[in-house]
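Student: Pasting data-v2.pdb here (PDB, C-alpha atoms and all ligand atoms):
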ATOM      1  CA  MET A   1     132.066 184.962 121.091  1.00  0.00           C
ATOM      2  CA  GLN A   2     133.419 187.447 123.602  1.00  0.00           C
ATOM      3  CA  PHE A   3     137.146 187.848 123.994  1.00  0.00           C
ATOM      4  CA  LEU A   4     137.051 188.736 127.655  1.00  0.00           C
ATOM      5  CA  THR A   5     140.344 187.271 128.635  1.00  0.00           C
ATOM      6  CA  LEU A   6     143.380 186.105 126.832  1.00  0.00           C
ATOM      7  CA  LEU A   7     145.623 183.879 128.819  1.00  0.00           C
ATOM      8  CA  PRO A   8     148.957 183.181 127.203  1.00  0.00           C
ATOM      9  CA  LEU A   9     150.533 180.418 129.178  1.00  0.00           C
ATOM     10  CA  ALA A  10     154.234 179.898 128.988  1.00  0.00           C
ATOM     11  CA  LEU A  11     155.179 176.304 129.476  1.00  0.00           C
ATOM     12  CA  SER A  12     158.491 175.161 130.786  1.00  0.00           C
ATOM     13  CA  THR A  13     160.069 171.867 131.658  1.00  0.00           C
ATOM     14  CA  LEU A  14     158.818 172.517 135.162  1.00  0.00           C
ATOM     15  CA  GLY A  15     155.270 172.361 133.927  1.00  0.00           C
ATOM     16  CA  LEU A  16     152.464 174.797 133.762  1.00  0.00           C
ATOM     17  CA  VAL A  17     152.244 177.811 136.014  1.00  0.00           C
ATOM     18  CA  SER A  18     149.113 177.693 138.135  1.00  0.00           C
ATOM     19  CA  ALA A  19     146.006 179.895 137.833  1.00  0.00           C
ATOM     20  CA  SER A  20     145.242 178.676 134.363  1.00  0.00           C
ATOM     21  CA  PRO A  21     142.092 177.115 132.993  1.00  0.00           C
ATOM     22  CA  ILE A  22     144.179 174.285 131.599  1.00  0.00           C
ATOM     23  CA  ARG A  23     145.574 172.435 134.553  1.00  0.00           C
ATOM     24  CA  ARG A  24     147.559 169.337 134.172  1.00  0.00           C
ATOM     25  CA  GLU A  25     150.085 167.212 135.867  1.00  0.00           C
ATOM     26  CA  GLU A  26     152.733 165.910 133.468  1.00  0.00           C
ATOM     27  CA  SER A  27     150.071 165.476 130.851  1.00  0.00           C
ATOM     28  CA  PRO A  28     150.801 163.032 128.038  1.00  0.00           C
ATOM     29  CA  ALA A  29     148.903 165.496 125.834  1.00  0.00           C
ATOM     30  CA  LEU A  30     152.030 167.682 125.958  1.00  0.00           C
ATOM     31  CA  THR A  31     153.704 165.516 123.350  1.00  0.00           C
ATOM     32  CA  TRP A  32     152.368 164.800 119.888  1.00  0.00           C
ATOM     33  CA  HIS A  33     153.504 161.731 117.967  1.00  0.00           C
ATOM     34  CA  VAL A  34     154.291 162.046 114.299  1.00  0.00           C
ATOM     35  CA  SER A  35     154.700 159.064 111.989  1.00  0.00           C
ATOM     36  CA  ASN A  36     155.023 158.526 108.232  1.00  0.00           C
ATOM     37  CA  PHE A  37     156.543 161.980 107.829  1.00  0.00           C
ATOM     38  CA  HIS A  38     157.392 162.389 104.173  1.00  0.00           C
ATOM     39  CA  VAL A  39     158.542 165.431 102.213  1.00  0.00           C
ATOM     40  CA  PHE A  40     158.587 165.187  98.441  1.00  0.00           C
ATOM     41  CA  HIS A  41     159.312 167.459  95.545  1.00  0.00           C
ATOM     42  CA  ALA A  42     156.160 168.656  93.743  1.00  0.00           C
ATOM     43  CA  SER A  43     156.452 171.126  90.865  1.00  0.00           C
ATOM     44  CA  ASN A  44     158.360 174.118  92.274  1.00  0.00           C
ATOM     45  CA  ASN A  45     157.734 173.332  95.915  1.00  0.00           C
ATOM     46  CA  PHE A  46     157.981 170.646  98.485  1.00  0.00           C
ATOM     47  CA  ASN A  47     154.892 168.875  99.631  1.00  0.00           C
ATOM     48  CA  TYR A  48     154.620 166.955 102.847  1.00  0.00           C
ATOM     49  CA  THR A  49     152.409 164.442 104.542  1.00  0.00           C
ATOM     50  CA  PHE A  50     152.415 162.937 108.007  1.00  0.00           C
ATOM     51  CA  ASN A  51     150.205 161.272 110.546  1.00  0.00           C
ATOM     52  CA  ILE A  52     149.895 162.900 113.953  1.00  0.00           C
ATOM     53  CA  TYR A  53     148.494 161.454 117.135  1.00  0.00           C
ATOM     54  CA  GLY A  54     147.714 163.353 120.326  1.00  0.00           C
ATOM     55  CA  VAL A  55     146.619 161.608 123.503  1.00  0.00           C
ATOM     56  CA  GLY A  56     143.359 162.841 124.951  1.00  0.00           C
ATOM     57  CA  THR A  57     143.107 163.918 128.579  1.00  0.00           C
ATOM     58  CA  ALA A  58     140.329 165.348 130.724  1.00  0.00           C
ATOM     59  CA  ASN A  59     141.220 168.811 129.405  1.00  0.00           C
ATOM     60  CA  THR A  60     142.437 168.057 125.916  1.00  0.00           C
ATOM     61  CA  PRO A  61     140.655 166.107 123.218  1.00  0.00           C
ATOM     62  CA  GLY A  62     142.721 163.416 121.599  1.00  0.00           C
ATOM     63  CA  PHE A  63     143.238 163.249 117.875  1.00  0.00           C
ATOM     64  CA  ASN A  64     144.791 161.058 115.232  1.00  0.00           C
ATOM     65  CA  THR A  65     144.836 162.522 111.766  1.00  0.00           C
ATOM     66  CA  THR A  66     146.766 162.944 108.544  1.00  0.00           C
ATOM     67  CA  CYS A  67     148.209 166.293 107.515  1.00  0.00           C
ATOM     68  CA  THR A  68     149.270 167.262 104.021  1.00  0.00           C
ATOM     69  CA  GLY A  69     150.458 170.548 102.606  1.00  0.00           C
ATOM     70  CA  SER A  70     153.127 172.398 100.757  1.00  0.00           C
ATOM     71  CA  ASN A  71     155.894 174.802 101.665  1.00  0.00           C
ATOM     72  CA  ALA A  72     154.471 177.131  99.004  1.00  0.00           C
ATOM     73  CA  THR A  73     152.526 178.781 101.808  1.00  0.00           C
ATOM     74  CA  THR A  74     153.526 179.823 105.297  1.00  0.00           C
ATOM     75  CA  ASP A  75     149.874 179.643 106.342  1.00  0.00           C
ATOM     76  CA  LEU A  76     148.677 176.798 108.476  1.00  0.00           C
ATOM     77  CA  THR A  77     146.772 174.214 106.434  1.00  0.00           C
ATOM     78  CA  SER A  78     143.945 172.143 107.878  1.00  0.00           C
ATOM     79  CA  CYS A  79     144.633 168.457 108.306  1.00  0.00           C
ATOM     80  CA  ASP A  80     142.001 165.785 107.651  1.00  0.00           C
ATOM     81  CA  ASP A  81     140.765 166.604 111.148  1.00  0.00           C
ATOM     82  CA  PRO A  82     140.047 170.350 110.755  1.00  0.00           C
ATOM     83  CA  LEU A  83     140.867 170.982 114.432  1.00  0.00           C
ATOM     84  CA  ILE A  84     144.498 170.263 113.552  1.00  0.00           C
ATOM     85  CA  LYS A  85     146.523 172.541 111.266  1.00  0.00           C
ATOM     86  CA  SER A  86     150.103 172.319 110.058  1.00  0.00           C
ATOM     87  CA  ARG A  87     152.777 173.952 107.980  1.00  0.00           C
ATOM     88  CA  ILE A  88     156.441 173.385 107.199  1.00  0.00           C
ATOM     89  CA  LEU A  89     159.195 175.899 106.513  1.00  0.00           C
ATOM     90  CA  SER A  90     162.597 175.092 105.118  1.00  0.00           C
ATOM     91  CA  GLU A  91     165.331 175.717 107.650  1.00  0.00           C
ATOM     92  CA  GLN A  92     169.007 175.339 106.974  1.00  0.00           C
ATOM     93  CA  TYR A  93     169.331 172.303 104.692  1.00  0.00           C
ATOM     94  CA  PRO A  94     168.341 169.534 105.340  1.00  0.00           C
ATOM     95  CA  LEU A  95     166.092 170.687 108.190  1.00  0.00           C
ATOM     96  CA  TRP A  96     162.395 171.409 108.017  1.00  0.00           C
ATOM     97  CA  ASN A  97     160.528 173.273 110.698  1.00  0.00           C
ATOM     98  CA  VAL A  98     157.212 171.520 111.295  1.00  0.00           C
ATOM     99  CA  ARG A  99     154.566 173.485 113.162  1.00  0.00           C
ATOM    100  CA  VAL A 100     151.243 172.077 114.323  1.00  0.00           C
ATOM    101  CA  GLU A 101     148.279 173.778 115.945  1.00  0.00           C
ATOM    102  CA  HIS A 102     145.363 172.184 117.772  1.00  0.00           C
ATOM    103  CA  GLU A 103     142.268 174.279 118.344  1.00  0.00           C
ATOM    104  CA  TRP A 104     139.116 173.229 120.128  1.00  0.00           C
ATOM    105  CA  ILE A 105     136.083 174.566 121.930  1.00  0.00           C
ATOM    106  CA  LYS A 106     135.107 173.414 125.379  1.00  0.00           C
ATOM    107  CA  ASP A 107     132.096 174.068 127.561  1.00  0.00           C
ATOM    108  CA  GLY A 108     130.303 175.800 124.719  1.00  0.00           C
ATOM    109  CA  ASP A 109     132.418 178.920 124.375  1.00  0.00           C
ATOM    110  CA  MET A 110     135.890 178.452 125.783  1.00  0.00           C
ATOM    111  CA  GLU A 111     138.326 178.286 122.914  1.00  0.00           C
ATOM    112  CA  PHE A 112     141.696 176.623 123.334  1.00  0.00           C
ATOM    113  CA  TYR A 113     144.777 176.575 121.168  1.00  0.00           C
ATOM    114  CA  THR A 114     147.928 174.572 121.547  1.00  0.00           C
ATOM    115  CA  TYR A 115     151.017 174.857 119.385  1.00  0.00           C
ATOM    116  CA  GLY A 116     154.155 172.887 118.931  1.00  0.00           C
ATOM    117  CA  GLU A 117     157.038 172.815 116.523  1.00  0.00           C
ATOM    118  CA  HIS A 118     160.014 170.691 115.748  1.00  0.00           C
ATOM    119  CA  ASN A 119     162.950 170.736 113.342  1.00  0.00           C
ATOM    120  CA  VAL A 120     163.489 167.505 111.445  1.00  0.00           C
ATOM    121  CA  THR A 121     165.097 166.278 108.275  1.00  0.00           C
ATOM    122  CA  SER A 122     162.937 164.777 105.561  1.00  0.00           C
ATOM    123  CA  ALA A 123     164.630 161.443 106.272  1.00  0.00           C
ATOM    124  CA  THR A 124     163.035 161.243 109.722  1.00  0.00           C
ATOM    125  CA  PRO A 125     159.738 159.375 109.405  1.00  0.00           C
ATOM    126  CA  GLN A 126     158.936 159.381 113.113  1.00  0.00           C
ATOM    127  CA  PHE A 127     159.405 162.041 115.779  1.00  0.00           C
ATOM    128  CA  THR A 128     157.592 163.834 118.560  1.00  0.00           C
ATOM    129  CA  ILE A 129     156.512 167.457 118.772  1.00  0.00           C
ATOM    130  CA  PRO A 130     156.530 169.003 122.236  1.00  0.00           C
ATOM    131  CA  VAL A 131     153.593 171.300 122.901  1.00  0.00           C
ATOM    132  CA  THR A 132     155.223 174.575 123.867  1.00  0.00           C
ATOM    133  CA  GLN A 133     152.411 177.089 123.831  1.00  0.00           C
ATOM    134  CA  GLU A 134     148.842 177.040 124.978  1.00  0.00           C
ATOM    135  CA  TYR A 135     146.137 179.682 124.992  1.00  0.00           C
ATOM    136  CA  GLY A 136     142.625 179.793 126.325  1.00  0.00           C
ATOM    137  CA  VAL A 137     140.129 182.418 125.201  1.00  0.00           C
ATOM    138  CA  ALA A 138     136.755 182.894 126.905  1.00  0.00           C
TER     139      ALA A 138
HETATM  140  C1  LIG A 201     146.173 156.511 114.040  1.00  0.00           C
HETATM  141  O1  LIG A 201     145.596 156.296 112.753  1.00  0.00           O
HETATM  142  C2  LIG A 201     146.419 155.481 111.920  1.00  0.00           C
HETATM  143  C3  LIG A 201     145.790 155.470 110.536  1.00  0.00           C
HETATM  144  O2  LIG A 201     144.410 155.316 110.591  1.00  0.00           O
HETATM  145  C4  LIG A 201     146.524 154.092 112.529  1.00  0.00           C
HETATM  146  O3  LIG A 201     147.336 153.284 111.725  1.00  0.00           O
HETATM  147  C5  LIG A 201     147.161 154.219 113.908  1.00  0.00           C
HETATM  148  O4  LIG A 201     147.203 152.974 114.551  1.00  0.00           O
HETATM  149  C6  LIG A 201     146.392 155.208 114.770  1.00  0.00           C
HETATM  150  N1  LIG A 201     147.176 155.443 115.996  1.00  0.00           N
HETATM  151  C7  LIG A 201     146.629 155.412 117.205  1.00  0.00           C
HETATM  152  C8  LIG A 201     147.569 155.630 118.343  1.00  0.00           C
HETATM  153  O5  LIG A 201     145.432 155.226 117.372  1.00  0.00           O
HETATM  154  C1  LIG A 202     151.249 169.676  96.541  1.00  0.00           C
HETATM  155  O1  LIG A 202     150.520 170.513  97.420  1.00  0.00           O
HETATM  156  C2  LIG A 202     149.665 171.429  96.767  1.00  0.00           C
HETATM  157  C3  LIG A 202     149.081 172.361  97.813  1.00  0.00           C
HETATM  158  O2  LIG A 202     148.670 171.677  98.971  1.00  0.00           O
HETATM  159  C4  LIG A 202     148.582 170.623  96.035  1.00  0.00           C
HETATM  160  O3  LIG A 202     147.732 171.508  95.334  1.00  0.00           O
HETATM  161  C5  LIG A 202     149.269 169.679  95.035  1.00  0.00           C
HETATM  162  O4  LIG A 202     148.306 168.862  94.425  1.00  0.00           O
HETATM  163  C6  LIG A 202     150.298 168.806  95.736  1.00  0.00           C
HETATM  164  N1  LIG A 202     151.041 168.031  94.766  1.00  0.00           N
HETATM  165  C7  LIG A 202     151.284 166.745  94.940  1.00  0.00           C
HETATM  166  C8  LIG A 202     152.089 166.069  93.878  1.00  0.00           C
HETATM  167  O5  LIG A 202     150.886 166.141  95.939  1.00  0.00           O
HETATM  168  C1  LIG A 203     160.146 175.484  99.526  1.00  0.00           C
HETATM  169  O1  LIG A 203     161.366 174.777  99.830  1.00  0.00           O
HETATM  170  C2  LIG A 203     162.285 174.775  98.750  1.00  0.00           C
HETATM  171  C3  LIG A 203     163.465 173.929  99.193  1.00  0.00           C
HETATM  172  O2  LIG A 203     164.079 174.454 100.325  1.00  0.00           O
HETATM  173  C4  LIG A 203     162.704 176.179  98.408  1.00  0.00           C
HETATM  174  O3  LIG A 203     163.550 176.148  97.274  1.00  0.00           O
HETATM  175  C5  LIG A 203     161.457 177.015  98.092  1.00  0.00           C
HETATM  176  O4  LIG A 203     161.838 178.348  97.880  1.00  0.00           O
HETATM  177  C6  LIG A 203     160.494 176.927  99.254  1.00  0.00           C
HETATM  178  N1  LIG A 203     159.279 177.694  98.945  1.00  0.00           N
HETATM  179  C7  LIG A 203     158.909 178.724  99.676  1.00  0.00           C
HETATM  180  C8  LIG A 203     157.676 179.457  99.213  1.00  0.00           C
HETATM  181  O5  LIG A 203     159.523 179.063 100.692  1.00  0.00           O
HETATM  182  C1  LIG A 204     164.565 175.319 114.376  1.00  0.00           C
HETATM  183  O1  LIG A 204     165.714 175.855 113.762  1.00  0.00           O
HETATM  184  C2  LIG A 204     165.718 177.277 113.724  1.00  0.00           C
HETATM  185  C3  LIG A 204     166.946 177.721 112.946  1.00  0.00           C
HETATM  186  O2  LIG A 204     168.094 177.057 113.373  1.00  0.00           O
HETATM  187  C4  LIG A 204     165.730 177.819 115.141  1.00  0.00           C
HETATM  188  O3  LIG A 204     165.684 179.233 115.130  1.00  0.00           O
HETATM  189  C5  LIG A 204     164.501 177.292 115.879  1.00  0.00           C
HETATM  190  O4  LIG A 204     164.538 177.713 117.225  1.00  0.00           O
HETATM  191  C6  LIG A 204     164.452 175.782 115.809  1.00  0.00           C
HETATM  192  N1  LIG A 204     163.195 175.351 116.400  1.00  0.00           N
HETATM  193  C7  LIG A 204     163.124 174.316 117.250  1.00  0.00           C
HETATM  194  C8  LIG A 204     161.783 173.985 117.763  1.00  0.00           C
HETATM  195  O5  LIG A 204     164.127 173.677 117.580  1.00  0.00           O
END
What would you get if you wrote out this structure as structure tokens?
Ligand SMILES: *[C@@H]1O[C@H](CO)[C@@H](O)[C@H](O)[C@H]1NC(C)=O
Ligand SMILES: *[C@@H]1O[C@H](CO)[C@@H](O)[C@H](O)[C@H]1NC(C)=O
Ligand SMILES: *[C@@H]1O[C@H](CO)[C@@H](O)[C@H](O)[C@H]1NC(C)=O
Ligand SMILES: *[C@@H]1O[C@H](CO)[C@@H](O)[C@H](O)[C@H]1NC(C)=O

Tutor:
Amino acid sequence: MQFLTLLPLALSTLGLVSASPIRREESPALTWHVSNFHVFHASNNFNYTFNIYGVGTANTPGFNTTCTGSNATTDLTSCDDPLIKSRILSEQYPLWNVRVEHEWIKDGDMEFYTYGEHNVTSATPQFTIPVTQEYGVA
């Protein structure tokens, strides 16, 4: 794989700036849907599990998978679908910062990453994560 270009794309509420390989018009793929979010005490750490669903579009593959992990690591952990990774960090009690990454390859060698994060309490089983960052690497 050649890293010829790196295109960090800042998203805003106004949408995506043009001249990007990932074009979209108010794409539903910009919001991921989390359900069954559950954080529980496990030995010295907190473990978590949740289901996450992302709508597919022409540019973005959809997914629906289950993520599990522990706050013992700040590394992203692969979900059941290995294209999706997650991690949680404890914020000011009772908030958890949930971060999710989606990575996929298109047209053979274009690699795309999207990221999103959200702060929630462990008592919130359902929420959405806005996709705030997107990168394409050729
Ligand atoms: C995602 O998968 C879960 C578990 O398999 C299922 O219950 C749910 O209906 C699916 N959601 C969508 C939007 O397909
Ligand atoms: C908690 O998570 C860790 C790391 O992912 C795992 O090894 C452990 O089995 C989990 N414990 C429980 C009770 O789920
Ligand atoms: C995991 O979260 C618990 C509760 O906030 C905290 O006590 C512990 O230090 C955290 N672990 C790490 C490695 O941050
Ligand atoms: C989550 O909370 C932390 C600490 O208050 C804050 O720095 C961060 O911007 C928040 N993230 C989101 C996505 O709201």

Student: Select the residues contacting ligand LIG 203 (chain A) at a distance of at most 12 Å, based on only C-alpha atoms and all ligand atoms, then format the selection as a PyMOL selection string.

Tutor: chain A and resi 39-48+69-75+87-97+121-122

Student: Out of A:Thr77, A:Asn51, A:Phe127, A:Gly62, which residue has the shortest atom-to-atom distance to ligand LIG 202 (chain A) when counting all atoms listed in the file?

Tutor: A:Thr77

Student: Write out, as a Markdown table, each residue of chain A that has an atom at most 7 Å from ligand LIG 201 (chain A), together with the closest pair of atoms and their distance in Å to one decimal, counting all atoms listed in the file, rows going by chain and rising number.

Tutor:
| residue | atom | partner | partner_atom | distance |
| --- | --- | --- | --- | --- |
| A:Tyr53 | CA | A:LIG201 | C8 | 6.0 |
| A:Asn64 | CA | A:LIG201 | C1 | 4.9 |
| A:Thr65 | CA | A:LIG201 | O1 | 6.3 |

Student: Using all atoms of ligand LIG 202 (chain A) that appear in the file, construct an axis-aligned enclosing box with 6 Å of padding on every side and provide its centre coordinates and edge lengths in Å, rounded to one decimal, as lines of an AutoDock Vina configuration file.

Tutor:
center_x = 149.9
center_y = 169.2
center_z = 96.4
size_x = 16.4
size_y = 18.3
size_z = 17.1

Student: Could you tell me how far atom CA of His38 of chain A lies from atom C3 of ligand LIG 202 (chain A), in Å and to one decimal?

Tutor: 14.5 Å

Student: Pick out the closest residue to Asn119 of chain A from this set: A:Phe63, A:Ile52, A:Asp80, A:Val98. Count all atoms listed in the file.

Tutor: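 Nearest candidate to Asn119 of chain A out of A:Phe63, A:Ile52, A:Asp80, A:Val98: A:Val98.
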
Student: Could you work out how far atom CA of Val131 of chain A lies from atom N1 of ligand LIG 204 (chain A), giving the answer in Å with one decimal?

Tutor: 12.3 Å

Student: What is the atom CA of Gly116 of chain A-atom CA of Trp32 of chain A distance in Å, reported with one decimal?

Tutor: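 Interatomic distance here is 8.3 Å.
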
Student: For Pro130 of chain A, which of A:Ser86, A:Thr114, A:Thr57, A:Thr49 is the closest residue, counting only C-alpha atoms?

Tutor: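 Going through A:Ser86, A:Thr114, A:Thr57, A:Thr49 one by one, the smallest distance to Pro130 of chain A is for A:Thr114.
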
Student: Considering only C-alpha atoms, can you say which of A:His33, A:Lys85, A:Ala138, A:Val120 comes closest to His102 of chain A?

Tutor: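 The closest residue to His102 of chain A is A:Lys85.
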
Student: For Asn36 of chain A, find every residue with an atom within 7 Å (counting all atoms listed in the file), except residues of its own chain fewer than 6 positions away, and show them as a PyMOL selection string.

Tutor: chain A and resi 50-51+125-126

Student: Compare A:Ile129, A:His118, A:Cys79, A:Trp104 by their minimum atom-to-atom distance to ligand LIG 202 (chain A), counting only C-alpha atoms and all ligand atoms, and give me the closest one.

Tutor: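 Between A:Ile129, A:His118, A:Cys79, A:Trp104, the residue approaching ligand LIG 202 (chain A) most closely is A:Cys79.
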
Student: For Phe112 of chain A, work out the shell of residues within 6 Å, counting only C-alpha atoms and skipping chain neighbours fewer than 4 positions away, then give it as a list in words.

Tutor: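 So the residues in contact are Glu103, Trp104, Tyr135 and Gly136 of chain A.
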
Student: Between A:Val100, A:Val55, A:Ala123, A:Leu83, which residue has the minimum interatomic distance to ligand LIG 204 (chain A), considering only C-alpha atoms and all ligand atoms?

Tutor: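 Comparing A:Val100, A:Val55, A:Ala123, A:Leu83 against ligand LIG 204 (chain A), the winner is A:Val100.
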